[in-house]
Structure formats: C-alpha cells, structure tokens
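A.B. asks: File name model_36.txt; file contents compact mmCIF, C-alpha atoms and all ligand atoms; full text below.
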# COMPACT_ATOMS: atom_id res chain seq x y z
CA MET A 18 -12.94 0.43 19.68
CA SER A 19 -12.36 3.40 21.93
CA ASP A 20 -8.79 4.48 22.33
CA GLU A 21 -7.33 7.80 23.40
CA LEU A 22 -5.13 8.03 20.28
CA LEU A 23 -8.08 7.39 17.99
CA ARG A 24 -10.08 10.03 19.85
CA GLN A 25 -7.23 12.51 19.35
CA VAL A 26 -7.27 11.78 15.62
CA GLN A 27 -11.04 12.24 15.50
CA ARG A 28 -10.99 15.45 17.54
CA HIS A 29 -8.06 17.04 15.70
CA GLY A 30 -9.05 20.10 13.71
CA SER A 31 -7.00 19.16 10.64
CA PRO A 32 -8.32 16.70 8.09
CA ARG A 33 -7.27 13.07 8.19
CA PRO A 34 -5.43 11.60 5.22
CA VAL A 35 -7.86 10.26 2.63
CA HIS A 36 -5.26 7.91 1.17
CA ILE A 37 -2.43 6.28 3.13
CA ALA A 38 0.33 4.27 1.43
CA VAL A 39 2.58 1.94 3.40
CA ILE A 40 5.94 0.33 2.61
CA MET A 41 5.70 -2.70 4.88
CA ASP A 42 9.36 -3.32 5.67
CA GLY A 43 11.41 -5.14 8.29
CA ASN A 44 10.01 -8.67 8.29
CA GLY A 45 13.44 -10.21 7.71
CA ARG A 46 15.05 -8.23 10.53
CA TRP A 47 12.18 -9.12 12.85
CA ALA A 48 12.86 -12.81 12.19
CA ARG A 49 16.62 -12.42 12.47
CA GLY A 50 16.19 -10.77 15.85
CA ARG A 51 14.52 -13.98 17.00
CA ALA A 52 17.00 -16.30 15.25
CA LEU A 53 14.18 -17.47 12.96
CA PRO A 54 14.24 -17.97 9.18
CA ARG A 55 12.97 -14.96 7.19
CA PRO A 56 9.59 -16.50 6.24
CA PHE A 57 8.61 -16.43 9.93
CA GLY A 58 8.90 -12.66 9.75
CA HIS A 59 6.64 -12.56 6.71
CA LYS A 60 4.11 -14.73 8.52
CA ALA A 61 4.17 -12.43 11.54
CA GLY A 62 3.70 -9.51 9.16
CA MET A 63 0.27 -10.81 8.21
CA SER A 64 -1.21 -9.81 11.55
CA ALA A 65 0.16 -6.31 11.04
CA VAL A 66 -1.77 -6.14 7.76
CA ARG A 67 -4.94 -6.91 9.72
CA GLU A 68 -4.00 -4.21 12.24
CA ALA A 69 -3.44 -1.64 9.49
CA VAL A 70 -6.78 -2.47 7.86
CA GLU A 71 -8.70 -2.27 11.14
CA GLY A 72 -6.91 0.93 12.11
CA ALA A 73 -7.75 2.49 8.75
CA LEU A 74 -11.41 1.47 9.05
CA ALA A 75 -11.64 2.91 12.57
CA ALA A 76 -10.03 6.19 11.48
CA GLU A 77 -12.26 6.36 8.40
CA VAL A 78 -9.40 6.42 5.95
CA GLU A 79 -10.80 5.86 2.45
CA VAL A 80 -7.85 4.29 0.65
CA LEU A 81 -5.03 2.14 2.06
CA THR A 82 -2.32 1.06 -0.37
CA LEU A 83 0.15 -1.54 0.90
CA PHE A 84 3.46 -2.47 -0.74
CA ALA A 85 3.63 -6.23 -0.27
CA PHE A 86 6.00 -7.48 -2.97
CA SER A 87 8.08 -5.43 -5.37
CA GLN A 88 9.21 -6.18 -8.87
CA GLU A 89 12.75 -6.23 -7.45
CA ASN A 90 11.70 -8.78 -4.82
CA TRP A 91 11.52 -11.38 -7.64
CA GLN A 92 15.33 -11.42 -7.30
CA ARG A 93 15.13 -12.95 -3.80
CA PRO A 94 15.88 -16.66 -3.26
CA ALA A 95 13.22 -18.97 -4.70
CA GLU A 96 12.39 -20.39 -1.25
CA GLU A 97 11.58 -16.95 0.12
CA ILE A 98 9.44 -16.07 -2.90
CA GLY A 99 7.65 -19.41 -2.54
CA ALA A 100 6.97 -18.76 1.15
CA LEU A 101 5.64 -15.26 0.37
CA MET A 102 3.31 -16.56 -2.33
CA GLU A 103 2.01 -19.27 0.02
CA LEU A 104 1.36 -16.63 2.66
CA LEU A 105 -0.50 -14.55 0.11
CA GLN A 106 -2.86 -17.44 -0.55
CA GLU A 107 -3.18 -18.11 3.17
CA TYR A 108 -4.04 -14.45 3.79
CA ILE A 109 -6.70 -14.51 1.09
CA LEU A 110 -8.27 -17.71 2.41
CA LYS A 111 -8.23 -16.55 6.03
CA GLU A 112 -9.33 -12.96 5.59
CA MET A 113 -11.82 -13.09 2.72
CA ALA A 114 -15.00 -13.47 4.80
CA GLU A 115 -14.01 -10.78 7.28
CA LEU A 116 -12.96 -8.32 4.57
CA VAL A 117 -16.32 -8.80 2.85
CA GLU A 118 -18.13 -8.30 6.15
CA GLN A 119 -16.14 -5.15 6.94
CA GLY A 120 -16.93 -3.60 3.57
CA VAL A 121 -13.32 -3.61 2.38
CA ARG A 122 -12.79 -3.65 -1.36
CA VAL A 123 -9.48 -5.28 -2.24
CA ARG A 124 -7.56 -4.66 -5.43
CA PHE A 125 -4.17 -6.08 -6.32
CA LEU A 126 -1.96 -3.68 -8.25
CA GLY A 127 1.11 -4.70 -10.22
CA ASP A 128 2.27 -7.05 -12.95
CA LEU A 129 -0.05 -9.88 -11.91
CA ASP A 130 0.82 -11.89 -15.04
CA ARG A 131 4.05 -12.89 -13.31
CA LEU A 132 2.17 -14.70 -10.53
CA ALA A 133 1.85 -18.48 -10.58
CA PRO A 134 -1.64 -19.63 -11.67
CA SER A 135 -2.67 -20.65 -8.13
CA SER A 136 -1.70 -17.24 -6.71
CA ARG A 137 -3.36 -15.48 -9.62
CA ASP A 138 -6.60 -17.41 -9.02
CA ALA A 139 -6.61 -16.55 -5.33
CA VAL A 140 -5.96 -12.88 -6.05
CA ASP A 141 -8.76 -12.74 -8.64
CA ARG A 142 -11.13 -14.51 -6.24
CA LEU A 143 -10.55 -11.97 -3.46
CA MET A 144 -10.98 -9.02 -5.83
CA LYS A 145 -14.27 -10.49 -7.09
CA ALA A 146 -15.55 -11.40 -3.61
CA THR A 147 -14.96 -7.91 -2.21
CA GLU A 148 -16.22 -6.02 -5.26
CA SER A 149 -19.14 -4.41 -3.46
CA GLY A 150 -17.12 -3.19 -0.45
CA GLY A 151 -17.62 0.53 0.03
CA LYS A 152 -16.00 1.38 3.37
CA LEU A 153 -12.31 1.10 2.56
CA ALA A 154 -10.41 0.57 -0.69
CA LEU A 155 -7.49 -1.71 0.14
CA ASN A 156 -4.85 -1.84 -2.59
CA ILE A 157 -2.19 -4.51 -2.25
CA CYS A 158 0.79 -3.90 -4.52
CA ILE A 159 2.32 -7.15 -5.67
CA SER A 160 4.93 -7.63 -8.38
CA TYR A 161 4.79 -3.85 -8.43
CA GLY A 162 7.41 -1.38 -9.60
CA ALA A 163 6.69 2.30 -10.16
CA ARG A 164 8.98 2.64 -13.16
CA ALA A 165 7.33 -0.35 -14.81
CA GLU A 166 3.92 1.20 -14.06
CA LEU A 167 4.99 4.49 -15.67
CA THR A 168 6.53 2.69 -18.63
CA ARG A 169 3.28 0.82 -19.13
CA ALA A 170 1.34 4.09 -19.06
CA ALA A 171 3.70 5.55 -21.68
CA ARG A 172 3.25 2.48 -23.87
CA LEU A 173 -0.56 2.65 -23.60
CA LEU A 174 -0.48 6.30 -24.62
CA ALA A 175 1.88 5.61 -27.51
CA GLU A 176 -0.45 2.89 -28.75
CA GLU A 177 -3.43 5.23 -28.67
CA VAL A 178 -1.53 7.97 -30.49
CA ALA A 179 -0.23 5.48 -33.08
CA ALA A 180 -3.78 4.20 -33.63
CA GLY A 181 -4.95 7.77 -34.25
CA ARG A 182 -7.32 7.79 -31.25
CA MET A 183 -5.35 10.46 -29.47
CA HIS A 184 -3.35 13.54 -30.40
CA PRO A 185 0.11 14.05 -28.84
CA SER A 186 -1.08 17.38 -27.45
CA GLU A 187 -3.59 15.45 -25.32
CA VAL A 188 -0.79 13.71 -23.44
CA ASP A 189 -0.90 15.68 -20.23
CA GLU A 190 -0.48 14.84 -16.53
CA ASP A 191 -4.06 13.73 -16.24
CA ALA A 192 -3.71 11.39 -19.24
CA ILE A 193 -0.73 9.72 -17.57
CA ALA A 194 -2.41 9.47 -14.15
CA ARG A 195 -5.43 7.83 -15.74
CA ARG A 196 -3.24 5.05 -17.12
CA LEU A 197 -1.63 4.13 -13.81
CA TYR A 198 -2.90 1.24 -11.68
CA THR A 199 -4.13 3.86 -9.21
CA ALA A 200 -6.17 5.77 -11.83
CA GLN A 201 -9.34 5.88 -9.78
CA PHE A 202 -7.74 6.99 -6.51
CA PRO A 203 -6.53 10.34 -5.25
CA ASP A 204 -2.77 10.50 -4.65
CA PRO A 205 -1.60 9.27 -1.24
CA ASP A 206 -1.58 12.04 1.37
CA LEU A 207 0.69 10.12 3.69
CA LEU A 208 3.44 7.56 3.06
CA ILE A 209 4.47 5.39 5.99
CA ARG A 210 7.62 3.28 5.86
CA THR A 211 8.43 0.91 8.69
CA SER A 212 11.86 -0.37 9.80
CA GLY A 213 13.57 3.01 9.55
CA GLU A 214 14.74 2.84 5.93
CA LEU A 215 14.87 6.28 4.30
CA ARG A 216 14.02 5.43 0.70
CA ILE A 217 11.11 4.97 -1.68
CA SER A 218 12.27 1.66 -3.22
CA ASN A 219 10.46 2.23 -6.54
CA PHE A 220 7.02 2.67 -4.93
CA LEU A 221 4.38 5.00 -6.44
CA LEU A 222 6.95 7.44 -7.82
CA TRP A 223 4.35 9.51 -9.64
CA GLN A 224 1.62 9.39 -7.01
CA LEU A 225 3.83 10.31 -4.04
CA ALA A 226 4.83 13.68 -5.52
CA TYR A 227 3.29 15.62 -2.60
CA ALA A 228 2.79 12.92 0.03
CA GLU A 229 3.86 13.59 3.60
CA LEU A 230 6.60 11.12 4.54
CA TYR A 231 6.53 9.28 7.87
CA VAL A 232 9.25 6.79 8.76
CA THR A 233 9.03 4.74 11.92
CA PRO A 234 11.72 2.42 13.33
CA VAL A 235 9.01 -0.13 14.18
CA LEU A 236 9.48 -3.35 12.21
CA TRP A 237 6.45 -4.31 10.16
CA PRO A 238 5.43 -7.40 12.22
CA ASP A 239 5.29 -5.17 15.33
CA PHE A 240 3.10 -2.54 13.64
CA THR A 241 -0.33 -2.06 15.23
CA ARG A 242 -3.38 0.12 14.62
CA ARG A 243 -2.04 2.51 17.26
CA HIS A 244 1.11 3.06 15.18
CA LEU A 245 -1.15 3.93 12.26
CA TRP A 246 -3.07 6.41 14.37
CA GLU A 247 0.21 7.96 15.61
CA ALA A 248 1.23 8.47 11.98
CA ILE A 249 -2.15 10.03 11.19
CA LEU A 250 -1.83 12.41 14.16
CA GLU A 251 1.64 13.44 13.03
CA TYR A 252 0.20 14.03 9.55
CA GLN A 253 -2.52 16.23 11.01
CA ARG A 254 0.16 18.40 12.62
CA ARG A 255 2.00 18.96 9.34
CA ASP A 256 1.65 22.08 7.24
CA ARG A 257 1.07 21.03 3.62
CA ARG A 258 1.96 23.89 1.32
CA PHE A 259 2.10 22.33 -2.14
CA GLY A 260 4.67 24.92 -3.17
CA LYS A 261 2.47 27.82 -2.17
CA VAL A 262 2.82 30.32 0.64
CA THR A 263 0.64 29.95 3.72
CA VAL A 264 0.00 32.86 6.04
C1 LIG B 1 9.33 -6.56 3.85
O1 LIG B 1 10.26 -7.13 4.69
C2 LIG B 1 8.58 -7.60 3.06
C3 LIG B 1 8.99 -7.71 1.65
C4 LIG B 1 9.80 -6.90 1.06
C5 LIG B 1 8.44 -8.81 0.90
P1 LIG B 1 11.73 -7.54 4.22
O2 LIG B 1 11.69 -8.96 3.80
O3 LIG B 1 12.25 -6.58 3.23
O4 LIG B 1 12.52 -7.41 5.60
P2 LIG B 1 13.96 -6.82 5.82
O5 LIG B 1 14.01 -5.48 5.16
O6 LIG B 1 14.93 -7.77 5.21
O7 LIG B 1 14.09 -6.73 7.31
C1 LIG B 2 10.31 -2.57 -0.39
O1 LIG B 2 11.05 -3.24 0.59
C2 LIG B 2 9.30 -3.51 -0.96
C3 LIG B 2 8.24 -3.95 -0.05
C4 LIG B 2 8.05 -3.54 1.17
C5 LIG B 2 7.33 -4.90 -0.59
P1 LIG B 2 12.46 -3.87 0.27
O2 LIG B 2 13.00 -4.41 1.54
O3 LIG B 2 12.35 -4.81 -0.86
O4 LIG B 2 13.29 -2.60 -0.23
P2 LIG B 2 14.83 -2.28 -0.11
O5 LIG B 2 15.58 -3.44 -0.71
O6 LIG B 2 15.15 -2.10 1.33
O7 LIG B 2 15.00 -1.01 -0.87
MG MG B 3 13.26 -4.87 3.39
Please, can you express the file's structure as structure tokens?
Ligand code: IPE
Ligand code: IPE
Ligand code: MG
C.D. replies:
Amino acid sequence: MSDELLRQVQRHGSPRPVHIAVIMDGNGRWARGRALPRPFGHKAGMSAVREAVEGALAAEVEVLTLFAFSQENWQRPAEEIGALMELLQEYILKEMAELVEQGVRVRFLGDLDRLAPSSRDAVDRLMKATESGGKLALNICISYGARAELTRAARLLAEEVAAGRMHPSEVDEDAIARRLYTAQFPDPDLLIRTSGELRISNFLLWQLAYAELYVTPVLWPDFTRRHLWEAILEYQRRDRRFGKVTV
C-alpha cells in the first residue's frame, strides 16, 4: 500500500521503532458518543487492531504489543467482561487464517489461567497456528498487570535461589528481564496510548523504562494505520538520550 505518510516513515533518516506497545483505550467513550452500549465500542475496536497490525507490517515494525485486557479490568461488570471474552474468540476465529498468511506470530501475555476454558482454548489455538510466523511478533496482553508480572518474576527467582540453583548475587537486571512475559523481546521503543489519558495503567512498568511516550486523543475504534505511521514519524523526530549527553 503506497501512502505518503508511509513513504515519509521509510525515507526518514532516523531508525523506526523495533518494538511498539499500545494501550488501546477509549472504546467505551466511542460507544457513549453514539449512544450505544459499551460492548459496541469494543467490537468497533477490533477493526482498529487489524489496522494496527497491517500498519506495523507495512512499516516493518518487528514487535507490536497490544494491551487488550488488564488485570484490573476483571473488576468491570460481568456483562462487559463476557462481551470482551466473546469478542476475543470472534477475533481469533476471524483473523487466524489471515494472520498465518501474513506471517504474524501471535502470543498472549498475562495470567491466562484466569480465562474461561473456551477462551483459553481459542488463545492456545491461535498461538499454535501462528507459531511459524516470522514477519511480525504480535503480543496481546490479556489479564495482564505489570506488578503481577514483576511479582511473578521475583517469585520465580526466589524459588531458584531456595532450590540452590542460583546464587543471590546472580539476581541482576537481566535475570529479572528474562523472567518477564516479554523475555525474548527488546524493550518497547515507543508507547502509544489512545483516548488522551496520561497514565500507564499498570502496563509494562519494567519494559517501558526508556520508551518514548505518544498520546493521541483519537479513540481506539477510530485508530487507523495512518495514526500508527504518524506516531512512528513523531518517534523518528525524537532525540533519545538514555541519560547521556548528545552533541
Ligand atoms: C479500552 O477501552 C478497552 C479495555 C480496557 C478493555 P475502555 O473500555 O477502557 O474505554 P473507555 O476508557 O471507557 O472509553
Ligand atoms: C488500560 O485501560 C487497559 C487496557 C487498555 C486494556 P483502562 O481504561 O482499563 O485504564 P484506566 O482505568 O483508564 O486507567
Ligand atoms: Mg479506558
């Protein structure tokens, strides 16, 4: 797909982000703006997921990590949770063939044990079906909370130390990073949050240490590949210093 924005991204002298993380927010407000029940917003948000994936493929982003359902979201009304879980299964059923064809490898990150068996089966099926995808790693965070992820890493380390397989002096940053769900991926270079909210909401607290932050007022269901490319272009204009001095 040829598009002026995409060409600008490709021609820009600065590197593109290798890993983009997205807090997909604003589905409820999108629905409210149309006097529709909240689940309609979540449904509309599914096409934005497709847009983000296609935009990432076109821009040759290697890793796309989407925040779809947080640990805290379990506190929402049962009907909304039910609708979200149904949509998850619908997404998997609808998109599986295309994701395989596009070379997208999907992984679900989070406390998947909390999912109902039917959702868990669907999630496992998609991960298995896309196993050989090598173009884009698509991580979908579900039942995910960063503090829980870090707590889990601490517990795993404690178990290894207690079992005598590890010495406390070996507990370093790398040892922690290797016990996070994202162990095999580089940290996100760019975090996008839609719907204008200026917070992290317990997402990738460790991994976002040096991510560039990009907040757009666009509500998630209205998000298109062009919005993704705009965010990438803005990222390319940033000066990442990592605490050092640039001349
Ligand atoms: C994001 O949209 C989707 C999930 C958190 C599951 P919201 O449902 O949070 O939408 P708003 O923030 O209420 O508009
Ligand atoms: C963050 O959005 C979680 C997801 C996008 C899945 P929320 O809408 O749940 O976050 P808060 O409540 O605005 O912090
Ligand atoms: Mg929200």
A.B. asks: Can you tell me which residues surround range 115-127 of chain A at a distance of at most 8 Å, considering only C-alpha atoms, apart from same-chain residues fewer than 2 positions away, and format the answer as a list in words?
C.D. replies: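 The filter keeps Glu112, Met113, Leu129, Val140, Leu143, Met144, Ala146, Thr147, Glu148, Ser149, Gly150, Gly151, Lys152, Leu153, Ala154, Leu155, Asn156, Ile157, Cys158, Ile159, Ser160, Tyr161, Gly162, Glu166, Tyr198 and Thr199 of chain A.
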A.B. asks: Do you know which residues are within 12 Å of ligand MG 3 (chain B) using only C-alpha atoms and all ligand atoms? Can you write them as JSON, numbers by chain?
C.D. replies: {"A": [40, 41, 42, 43, 44, 45, 46, 47, 48, 55, 58, 59, 84, 85, 86, 87, 89, 90, 93, 210, 211, 212, 213, 214, 215, 216, 217, 218, 236, 237]}
A.B. asks: What is the CA of Ala170 in chain A to CA of Arg131 in chain A distance in Å?
C.D. replies: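 That distance, rounded to one decimal, is 18.1 Å.
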A.B. asks: Which distance in Å separates CA of Asn219 in chain A and CA of Ala163 in chain A, to one decimal?
C.D. replies: 5.2 Å
A.B. asks: Quick one, how far is CA of Ile209 in chain A from CA of Leu83 in chain A?
C.D. replies: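 These atoms are spaced 9.6 Å apart.
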A.B. asks: Looking at A:Arg172, A:Gly181, A:Val39, A:Gln88, which one is nearest to Ala65 in chain A, with distances taken over only C-alpha atoms?
C.D. replies: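 Using only C-alpha atoms, the shortest distance to Ala65 in chain A belongs to A:Val39.
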A.B. asks: Can you pull out the residues contacting Leu167 in chain A? Cut-off 10 Å, using only C-alpha atoms, and skip same-chain residues under 6 positions away; I want them as a ChimeraX atom specification.
C.D. replies: /A:173,193-194,196-198,221-223
A.B. asks: Skipping near chain neighbours, those fewer than 3 positions away, what residues fall within 9 Å of range 239-241 of chain A using only C-alpha atoms, listed as a PyMOL selection string?
C.D. replies: chain A and resi 47+61-62+64-69+72+211+235-236+244-246
A.B. asks: Can you report as AutoDock Vina command-line options the centre and edge lengths in Å, to one decimal, of an axis-aligned box around the listed atoms of ligand LIG 1 (chain B) padded with 4 Å on each side?
C.D. replies:
--center_x 11.7 --center_y -7.2 --center_z 4.1 --size_x 14.5 --size_y 11.5 --size_z 14.4
A.B. asks: Counting all atoms listed in the file, figure out which residue out of A:Arg137, A:Gly99, A:Phe220, A:Leu174 gets nearest to Ser186 in chain A.
C.D. replies: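 Counting all atoms listed in the file, the residue closest to Ser186 in chain A is A:Leu174.
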A.B. asks: So which residues touch range 104-111 of chain A within 7 Å, counting all atoms listed in the file, skipping near sequence neighbours fewer than 6 positions away, as a list of chain:residue names?
C.D. replies: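 The residues satisfying every condition are A:Lys60, A:Ser136, A:Ala139, A:Leu143.
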